[in-house]
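data19.pdb, holding PDB, C-alpha atoms:
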MODEL        1
ATOM      1  CA  MET A 377     173.100 153.134 242.463
ATOM      2  CA  SER A 378     174.245 150.734 239.787
ATOM      3  CA  ALA A 379     176.286 153.525 238.109
ATOM      4  CA  LEU A 380     178.038 154.158 241.424
ATOM      5  CA  THR A 381     178.821 150.473 241.848
ATOM      6  CA  GLU A 382     180.092 150.319 238.280
ATOM      7  CA  THR A 383     182.407 153.322 238.859
ATOM      8  CA  ALA A 384     183.686 151.831 242.105
ATOM      9  CA  SER A 385     184.395 148.493 240.492
ATOM     10  CA  ARG A 386     186.187 150.208 237.602
ATOM     11  CA  LEU A 387     188.304 152.193 240.059
ATOM     12  CA  LEU A 388     189.079 149.032 241.980
ATOM     13  CA  MET A 389     190.036 147.237 238.795
ATOM     14  CA  THR A 390     192.265 150.123 237.690
ATOM     15  CA  GLY A 391     193.935 150.187 241.108
ATOM     16  CA  THR A 392     194.479 146.437 241.009
ATOM     17  CA  LEU A 393     195.970 146.578 237.513
ATOM     18  CA  LEU A 394     198.293 149.403 238.511
ATOM     19  CA  GLY A 395     199.322 147.513 241.616
ATOM     20  CA  LEU A 396     200.065 144.371 239.638
ATOM     21  CA  SER A 397     202.019 146.273 236.996
ATOM     22  CA  ALA A 398     204.518 147.341 239.700
ATOM     23  CA  CYS A 399     204.498 150.883 238.304
ATOM     24  CA  TYR A 400     204.275 152.150 241.853
ATOM     25  CA  GLU A 401     207.816 150.890 242.648
ATOM     26  CA  ASP A 402     210.786 153.195 242.605
ATOM     27  CA  PRO A 403     213.265 151.786 240.055
ATOM     28  CA  THR A 404     216.189 153.317 241.978
ATOM     29  CA  ALA A 405     215.345 151.268 245.073
ATOM     30  CA  VAL A 406     216.495 148.044 243.407
ATOM     31  CA  THR A 407     219.786 146.638 244.746
ATOM     32  CA  LEU A 408     222.116 145.610 241.946
ATOM     33  CA  HIS A 409     224.982 143.217 242.641
ATOM     34  CA  GLN A 410     228.077 142.553 240.600
ATOM     35  CA  ALA A 411     228.498 138.954 239.512
ATOM     36  CA  HIS A 412     231.091 136.912 241.446
ATOM     37  CA  VAL A 413     231.194 139.369 244.296
ATOM     38  CA  TYR A 414     230.388 137.895 247.701
ATOM     39  CA  LYS A 415     227.503 139.787 249.227
ATOM     40  CA  GLY A 416     226.971 137.961 252.499
ATOM     41  CA  LYS A 417     227.920 138.828 256.035
ATOM     42  CA  VAL A 418     231.441 139.964 256.898
ATOM     43  CA  ASP A 419     233.591 137.288 258.521
ATOM     44  CA  GLU A 420     234.754 138.597 261.892
ATOM     45  CA  HIS A 421     237.493 135.988 261.867
ATOM     46  CA  GLU A 422     239.385 138.106 259.329
ATOM     47  CA  GLY A 423     240.230 140.551 262.101
ATOM     48  CA  HIS A 424     242.428 137.980 263.811
ATOM     49  CA  ARG A 425     244.853 137.600 260.986
ATOM     50  CA  ILE A 426     247.602 139.774 262.451
ATOM     51  CA  TRP A 427     248.473 137.393 265.312
ATOM     52  CA  HIS A 428     247.113 134.484 263.436
ATOM     53  CA  ALA A 429     249.898 133.443 261.054
ATOM     54  CA  ASP A 430     252.630 133.204 263.718
ATOM     55  CA  GLN A 431     250.380 131.427 266.175
ATOM     56  CA  LEU A 432     249.328 128.851 263.587
ATOM     57  CA  ARG A 433     252.934 128.287 262.498
ATOM     58  CA  LEU A 434     253.877 127.661 266.125
ATOM     59  CA  ARG A 435     250.934 125.313 266.479
ATOM     60  CA  PHE A 436     252.058 123.374 263.416
ATOM     61  CA  GLN A 437     255.531 122.926 264.906
ATOM     62  CA  GLN A 438     254.038 121.812 268.220
ATOM     63  CA  VAL A 439     251.447 119.279 267.112
ATOM     64  CA  GLN A 440     252.339 118.220 263.591
ATOM     65  CA  THR A 441     256.049 117.706 263.929
ATOM     66  CA  ASP A 442     257.430 114.856 261.903
ATOM     67  CA  ARG A 443     258.511 111.532 263.310
TER      68      ARG A 443
ATOM     69  CA  MET B 237     250.177 136.003 254.342
ATOM     70  CA  ALA B 238     249.735 132.311 254.912
ATOM     71  CA  ARG B 239     247.757 130.210 252.513
ATOM     72  CA  MET B 240     246.218 127.279 254.302
ATOM     73  CA  LYS B 241     246.358 123.910 252.567
ATOM     74  CA  PHE B 242     245.792 120.249 253.312
ATOM     75  CA  LEU B 243     248.216 117.593 252.150
ATOM     76  CA  CYS B 244     247.714 113.866 252.621
ATOM     77  CA  ASP B 245     250.779 111.642 252.423
ATOM     78  CA  GLU B 246     249.585 108.436 250.754
ATOM     79  CA  GLU B 247     252.679 106.576 251.961
ATOM     80  CA  ARG B 248     251.653 107.214 255.562
ATOM     81  CA  CYS B 249     247.860 107.016 255.526
ATOM     82  CA  ILE B 250     246.729 103.718 257.069
ATOM     83  CA  GLU B 251     243.012 104.167 256.323
ATOM     84  CA  CYS B 252     242.072 104.347 260.011
ATOM     85  CA  ASN B 253     239.315 106.890 259.307
ATOM     86  CA  ALA B 254     240.110 108.718 262.560
ATOM     87  CA  CYS B 255     240.177 112.031 260.660
ATOM     88  CA  VAL B 256     236.619 111.372 259.486
ATOM     89  CA  THR B 257     235.483 110.547 263.004
ATOM     90  CA  ALA B 258     237.285 113.527 264.531
ATOM     91  CA  CYS B 259     235.700 115.903 262.024
ATOM     92  CA  LYS B 260     232.207 114.563 262.588
ATOM     93  CA  ASN B 261     232.634 114.693 266.340
ATOM     94  CA  GLU B 262     234.212 118.157 266.502
ATOM     95  CA  HIS B 263     231.618 119.842 264.305
ATOM     96  CA  GLU B 264     228.643 117.633 265.184
ATOM     97  CA  VAL B 265     228.107 117.001 261.486
ATOM     98  CA  PRO B 266     224.659 115.485 260.837
ATOM     99  CA  TRP B 267     224.115 111.891 259.740
ATOM    100  CA  GLY B 268     224.627 111.456 256.003
ATOM    101  CA  VAL B 269     227.047 114.367 255.640
ATOM    102  CA  ASN B 270     230.770 113.586 255.438
ATOM    103  CA  ARG B 271     232.980 116.618 255.230
ATOM    104  CA  ARG B 272     236.006 114.327 255.041
ATOM    105  CA  ARG B 273     236.422 110.768 253.836
ATOM    106  CA  VAL B 274     239.194 108.279 253.169
ATOM    107  CA  ILE B 275     239.579 106.896 249.673
ATOM    108  CA  THR B 276     241.567 103.731 248.994
ATOM    109  CA  LEU B 277     242.996 102.802 245.619
ATOM    110  CA  ASP B 278     243.569  99.104 244.844
ATOM    111  CA  ASP B 279     241.906  98.116 248.099
ATOM    112  CA  GLY B 280     243.115  94.743 249.331
ATOM    113  CA  VAL B 281     245.932  94.555 246.794
ATOM    114  CA  PRO B 282     249.547  94.709 248.102
ATOM    115  CA  GLY B 283     250.704  98.276 247.635
ATOM    116  CA  GLU B 284     247.255  99.798 248.134
ATOM    117  CA  LYS B 285     247.188 103.546 248.713
ATOM    118  CA  SER B 286     244.797 105.574 250.853
ATOM    119  CA  ILE B 287     244.267 109.301 251.068
ATOM    120  CA  SER B 288     242.008 111.437 253.204
ATOM    121  CA  VAL B 289     239.984 113.872 251.085
ATOM    122  CA  ALA B 290     237.918 116.923 251.952
ATOM    123  CA  CYS B 291     237.608 120.437 250.543
ATOM    124  CA  MET B 292     241.097 121.330 249.293
ATOM    125  CA  HIS B 293     240.444 125.073 249.617
ATOM    126  CA  CYS B 294     241.486 125.701 246.020
ATOM    127  CA  THR B 295     243.286 128.909 245.189
ATOM    128  CA  ASP B 296     241.015 129.351 242.164
ATOM    129  CA  ALA B 297     238.004 127.465 243.457
ATOM    130  CA  PRO B 298     235.590 126.119 240.785
ATOM    131  CA  CYS B 299     232.723 126.042 243.307
ATOM    132  CA  GLN B 300     233.199 129.758 243.815
ATOM    133  CA  ALA B 301     233.174 130.361 240.054
ATOM    134  CA  VAL B 302     229.907 128.534 239.380
ATOM    135  CA  CYS B 303     227.868 129.598 242.415
ATOM    136  CA  PRO B 304     224.870 131.553 241.062
ATOM    137  CA  VAL B 305     224.340 133.431 244.325
ATOM    138  CA  ASP B 306     228.036 134.056 245.088
ATOM    139  CA  CYS B 307     227.821 132.587 248.552
ATOM    140  CA  PHE B 308     231.532 131.632 248.610
ATOM    141  CA  TYR B 309     234.371 133.796 249.841
ATOM    142  CA  THR B 310     238.071 133.234 250.440
ATOM    143  CA  THR B 311     239.593 134.461 253.685
ATOM    144  CA  GLU B 312     243.008 136.086 253.913
ATOM    145  CA  ASP B 313     244.344 132.696 254.987
ATOM    146  CA  GLY B 314     243.202 131.182 251.702
ATOM    147  CA  VAL B 315     240.347 129.237 253.285
ATOM    148  CA  VAL B 316     237.301 128.886 251.019
ATOM    149  CA  LEU B 317     234.151 129.396 253.060
ATOM    150  CA  HIS B 318     230.494 129.878 252.220
ATOM    151  CA  ASP B 319     227.496 131.676 253.635
ATOM    152  CA  LYS B 320     224.612 129.288 254.339
ATOM    153  CA  ASP B 321     222.177 132.196 254.472
ATOM    154  CA  LEU B 322     222.849 132.863 250.793
ATOM    155  CA  CYS B 323     223.129 129.235 249.615
ATOM    156  CA  ILE B 324     220.091 128.014 247.684
ATOM    157  CA  GLY B 325     221.159 124.362 247.554
ATOM    158  CA  CYS B 326     221.268 124.273 243.742
ATOM    159  CA  GLY B 327     224.117 121.750 243.655
ATOM    160  CA  TYR B 328     226.228 123.523 241.015
ATOM    161  CA  CYS B 329     229.230 123.508 243.344
ATOM    162  CA  PHE B 330     228.838 119.757 243.776
ATOM    163  CA  TYR B 331     229.133 119.226 240.019
ATOM    164  CA  ALA B 332     232.041 121.683 239.723
ATOM    165  CA  CYS B 333     234.136 120.313 242.608
ATOM    166  CA  PRO B 334     236.773 117.742 241.542
ATOM    167  CA  PHE B 335     236.993 116.417 245.122
ATOM    168  CA  ASP B 336     233.259 115.831 245.815
ATOM    169  CA  ALA B 337     233.593 118.167 248.779
ATOM    170  CA  PRO B 338     230.139 119.821 248.840
ATOM    171  CA  GLN B 339     227.635 117.786 250.856
ATOM    172  CA  TYR B 340     223.894 118.179 251.258
ATOM    173  CA  PRO B 341     221.885 117.276 254.336
ATOM    174  CA  GLN B 342     218.616 116.344 252.591
ATOM    175  CA  LYS B 343     217.454 114.181 249.727
ATOM    176  CA  GLU B 344     213.789 114.918 249.320
ATOM    177  CA  ALA B 345     211.092 115.257 246.691
ATOM    178  CA  PHE B 346     211.736 117.634 243.777
ATOM    179  CA  GLY B 347     215.493 117.417 244.334
ATOM    180  CA  ALA B 348     215.463 119.502 247.514
ATOM    181  CA  ARG B 349     218.945 119.188 249.035
ATOM    182  CA  GLY B 350     219.064 121.785 251.778
ATOM    183  CA  LYS B 351     221.978 124.149 252.410
ATOM    184  CA  MET B 352     225.351 122.936 251.203
ATOM    185  CA  ASP B 353     227.838 121.821 253.847
ATOM    186  CA  LYS B 354     231.570 121.322 253.436
ATOM    187  CA  CYS B 355     234.893 121.349 255.239
ATOM    188  CA  THR B 356     235.625 124.790 256.648
ATOM    189  CA  PHE B 357     239.289 124.114 257.539
ATOM    190  CA  CYS B 358     237.885 124.444 261.075
ATOM    191  CA  ALA B 359     237.443 128.183 260.387
ATOM    192  CA  GLY B 360     233.695 128.472 261.038
ATOM    193  CA  GLY B 361     231.767 130.889 258.865
ATOM    194  CA  PRO B 362     230.734 134.520 258.553
ATOM    195  CA  GLU B 363     228.756 134.475 261.812
ATOM    196  CA  GLU B 364     230.284 135.925 264.973
ATOM    197  CA  ASP B 365     233.286 133.878 266.156
ATOM    198  CA  HIS B 366     232.442 131.131 268.651
ATOM    199  CA  SER B 367     228.747 132.062 268.576
ATOM    200  CA  GLU B 368     226.073 129.408 268.918
ATOM    201  CA  GLU B 369     224.787 130.282 265.451
ATOM    202  CA  GLU B 370     228.223 129.772 263.913
ATOM    203  CA  PHE B 371     228.631 126.401 265.583
ATOM    204  CA  LYS B 372     225.147 125.300 264.501
ATOM    205  CA  LYS B 373     225.722 126.228 260.841
ATOM    206  CA  TYR B 374     229.445 125.641 260.292
ATOM    207  CA  GLY B 375     230.863 123.864 263.334
ATOM    208  CA  ARG B 376     233.761 124.799 265.573
ATOM    209  CA  ASN B 377     236.042 127.743 264.713
ATOM    210  CA  ARG B 378     239.416 126.339 265.762
ATOM    211  CA  LEU B 379     241.430 128.639 263.523
ATOM    212  CA  ALA B 380     240.218 131.681 265.466
ATOM    213  CA  GLU B 381     241.479 129.956 268.612
ATOM    214  CA  GLY B 382     244.945 129.602 267.074
ATOM    215  CA  LYS B 383     244.457 125.888 266.458
ATOM    216  CA  LEU B 384     244.709 123.930 263.217
ATOM    217  CA  PRO B 385     242.071 121.543 261.807
ATOM    218  CA  LEU B 386     241.466 118.655 264.174
ATOM    219  CA  CYS B 387     241.629 115.982 261.457
ATOM    220  CA  ALA B 388     245.286 116.837 260.827
ATOM    221  CA  GLU B 389     246.202 117.558 264.440
ATOM    222  CA  MET B 390     245.128 114.124 265.644
ATOM    223  CA  CYS B 391     246.320 112.091 262.633
ATOM    224  CA  SER B 392     248.325 109.319 264.331
ATOM    225  CA  THR B 393     250.766 108.738 261.468
ATOM    226  CA  LYS B 394     250.981 112.441 260.561
ATOM    227  CA  ALA B 395     249.852 111.533 257.066
ATOM    228  CA  LEU B 396     247.396 114.401 256.940
ATOM    229  CA  LEU B 397     249.049 117.792 257.211
ATOM    230  CA  ALA B 398     247.241 121.099 257.464
ATOM    231  CA  GLY B 399     248.711 124.550 257.734
ATOM    232  CA  ASP B 400     250.583 127.228 255.827
ATOM    233  CA  ALA B 401     251.318 125.788 252.370
ATOM    234  CA  ASN B 402     255.014 126.714 252.623
ATOM    235  CA  VAL B 403     255.485 124.957 255.963
ATOM    236  CA  VAL B 404     253.550 121.902 254.818
ATOM    237  CA  SER B 405     255.441 121.588 251.534
ATOM    238  CA  ASP B 406     258.823 122.007 253.294
ATOM    239  CA  LEU B 407     257.982 119.176 255.654
ATOM    240  CA  PHE B 408     256.754 116.971 252.837
ATOM    241  CA  ARG B 409     259.833 117.683 250.720
ATOM    242  CA  GLU B 410     262.073 116.562 253.580
ATOM    243  CA  ARG B 411     260.057 113.385 253.921
ATOM    244  CA  VAL B 412     260.387 112.566 250.244
ATOM    245  CA  LEU B 413     264.133 113.132 250.410
ATOM    246  CA  ARG B 414     264.447 110.895 253.480
ATOM    247  CA  ARG B 415     262.498 108.158 251.737
ATOM    248  CA  SER B 416     264.806 108.314 248.765
ATOM    249  CA  GLY B 417     267.719 107.636 251.092
ATOM    250  CA  ASN B 418     268.903 111.228 251.128
ATOM    251  CA  GLU B 419     268.644 113.813 253.832
ATOM    252  CA  ALA B 420     267.733 117.488 253.888
ATOM    253  CA  VAL B 421     269.621 119.544 256.433
ATOM    254  CA  GLY B 422     268.830 123.242 256.603
ATOM    255  CA  GLY B 423     267.420 123.285 253.103
ATOM    256  CA  GLN B 424     270.490 121.512 251.656
ATOM    257  CA  VAL B 425     270.238 117.997 250.309
ATOM    258  CA  ARG B 426     272.855 115.709 251.788
ATOM    259  CA  LEU B 427     273.432 112.636 249.648
ATOM    260  CA  ARG B 428     273.889 109.352 251.432
ATOM    261  CA  LYS B 429     274.765 105.977 250.094
ATOM    262  CA  ARG B 430     271.513 104.263 249.170
ATOM    263  CA  ARG B 431     270.805 101.068 251.063
ATOM    264  CA  GLY B 432     267.696 100.026 249.191
ATOM    265  CA  LYS B 433     264.318 101.702 249.618
ATOM    266  CA  PRO B 434     264.079 102.825 253.235
ATOM    267  CA  TRP B 435     260.345 103.418 253.282
ATOM    268  CA  GLY B 436     257.072 102.043 251.994
ATOM    269  CA  TRP B 437     255.090  98.893 251.477
ATOM    270  CA  ASP B 438     258.039  96.785 250.205
ATOM    271  CA  THR B 439     260.029  97.574 253.344
ATOM    272  CA  ALA B 440     257.116  96.926 255.697
ATOM    273  CA  TYR B 441     256.043  93.719 253.962
ATOM    274  CA  PRO B 442     259.108  92.174 252.305
ATOM    275  CA  GLU B 443     258.298  89.242 250.060
TER     276      GLU B 443
ENDMDL
END
Would you put the structure from the file into structure tokens?
Amino acid sequence: MSALTETASRLLMTGTLLGLSACYEDPTAVTLHQAHVYKGKVDEHEGHRIWHADQLRLRFQQVQTDR
Amino acid sequence: MARMKFLCDEERCIECNACVTACKNEHEVPWGVNRRRVITLDDGVPGEKSISVACMHCTDAPCQAVCPVDCFYTTEDGVVLHDKDLCIGCGYCFYACPFDAPQYPQKEAFGARGKMDKCTFCAGGPEEDHSEEEFKKYGRNRLAEGKLPLCAEMCSTKALLAGDANVVSDLFRERVLRRSGNEAVGGQVRLRKRRGKPWGWDTAYPE
């Protein structure tokens, strides 16, 4: 009985050590990012830029005219 | 493509702080965070100068260069924005910025600052346009509505200008010429006989 317990505890210890060593992880699953490259969400606002420039220029003339 | 810039005319700014109030009101900026502020040089001395300062949306932004998690991005309009989901509140951008633009909502134990907050040129953030999430994190997205930043739009003396850098600089150049006693008509400088300084403190408050 004690031999069985000893074997089980050794197995458990081996499993724990393996688990902690992270050898089970797939090294290819790691995401690598280039430095100074934005990796957040895409700004939907970018899609408006076609009409955007003219509209904003017009807005400037309307509300920020000199006096 | 337009490159959006702010320009504050120190000869026109009267330190009314309306731009600060408008910004806080429009974006519901929390207490303790000031995306824009007015700075006065030689306060109380005749000839004092005031300018309204916020994020200047630098072309080569130092905050962007030092961010360890690369949470900054520049839009096609030249507006420097950041992603609060990526920001770790390290404060590097605060030390790098020459305009003190990055602001932090907290000041707690162990230097916890919370997510950085700064002027967005009223362009929101990477969340969906006009979404509740975008408003909560970044404030109103006026640029996507075809409007310019509110601070500049409501400036009573038109000291603060915001828009395409070319348009803004053209307007400012004309102003400078007018103040010097000259006039710019259709891009040409028309020289006029100078009758003293037509603009500024000395004219407003002659001794």
Calculate how many Å separate CA of Asp296 (chain B) from CA of Val274 (chain B), rounding to one decimal.
-> 23.8 Å
Exactly which residues make up the result of the PyMOL selection byres ((chain B and resi 378-394) around 6) on this file, given as a PyMOL selection string?
-> (chain A and resi 431-432) or (chain B and resi 255+258-259+357-359+376-377+395-398)
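Taking CA of Tyr340 (chain B) as the reference point, CA of Thr311 (chain B) is found at 22.7 Å.
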Contacts of Tyr414 (chain A) at 8 Å or less, counting all atoms listed in the file, minus same-chain residues fewer than 5 places along, as JSON, numbers by chain?
-> {"B": [306, 307, 308, 309]}
Could you state the separation of CA of Pro304 (chain B) and CA of Glu368 (chain B) in Å, given to one decimal place?
-> 28.0 Å
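Of the listed residues B:Val404, B:Met352, B:Ala337, B:Val412, the one whose atoms come nearest to chain A is B:Val404, with distances taken using only C-alpha atoms.
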Got a sec to pull out which chain A residues are within 8 Å of chain B, counting only C-alpha atoms, and send them as a PDB file with C-alpha atoms, keeping the file's coordinate frame?
ATOM      1  CA  ALA A 411     228.498 138.954 239.512  1.00  0.00           C
ATOM      2  CA  HIS A 412     231.091 136.912 241.446  1.00  0.00           C
ATOM      3  CA  VAL A 413     231.194 139.369 244.296  1.00  0.00           C
ATOM      4  CA  TYR A 414     230.388 137.895 247.701  1.00  0.00           C
ATOM      5  CA  LYS A 415     227.503 139.787 249.227  1.00  0.00           C
ATOM      6  CA  GLY A 416     226.971 137.961 252.499  1.00  0.00           C
ATOM      7  CA  LYS A 417     227.920 138.828 256.035  1.00  0.00           C
ATOM      8  CA  VAL A 418     231.441 139.964 256.898  1.00  0.00           C
ATOM      9  CA  ASP A 419     233.591 137.288 258.521  1.00  0.00           C
ATOM     10  CA  GLU A 420     234.754 138.597 261.892  1.00  0.00           C
ATOM     11  CA  HIS A 421     237.493 135.988 261.867  1.00  0.00           C
ATOM     12  CA  GLU A 422     239.385 138.106 259.329  1.00  0.00           C
ATOM     13  CA  HIS A 424     242.428 137.980 263.811  1.00  0.00           C
ATOM     14  CA  ARG A 425     244.853 137.600 260.986  1.00  0.00           C
ATOM     15  CA  HIS A 428     247.113 134.484 263.436  1.00  0.00           C
ATOM     16  CA  ALA A 429     249.898 133.443 261.054  1.00  0.00           C
ATOM     17  CA  GLN A 431     250.380 131.427 266.175  1.00  0.00           C
ATOM     18  CA  LEU A 432     249.328 128.851 263.587  1.00  0.00           C
ATOM     19  CA  ARG A 433     252.934 128.287 262.498  1.00  0.00           C
ATOM     20  CA  ARG A 435     250.934 125.313 266.479  1.00  0.00           C
ATOM     21  CA  PHE A 436     252.058 123.374 263.416  1.00  0.00           C
ATOM     22  CA  VAL A 439     251.447 119.279 267.112  1.00  0.00           C
ATOM     23  CA  GLN A 440     252.339 118.220 263.591  1.00  0.00           C
ATOM     24  CA  ASP A 442     257.430 114.856 261.903  1.00  0.00           C
TER      25      ASP A 442
END
Output, as JSON, the centre and edge lengths in Å (one decimal) of the axis-aligned box that contains all listed atoms of region 393-406 of chain A with 3 Å of margin on each side.
{"center_x": 206.2, "center_y": 148.8, "center_z": 241.0, "size_x": 26.5, "size_y": 14.9, "size_z": 14.1}
Expanded to explicit residues, what is the PyMOL selection byres ((chain B and resi 374) around 8) for this file, as an MDAnalysis selection string?
-> chainID B and resid 263 353 356 360:361 370:373 375:376
Once the PyMOL selection byres ((chain B and resi 335) around 10) has been applied to the shown file, what residues remain in the selection, as a ChimeraX atom specification?
-> /B:289-292,330-334,336-338
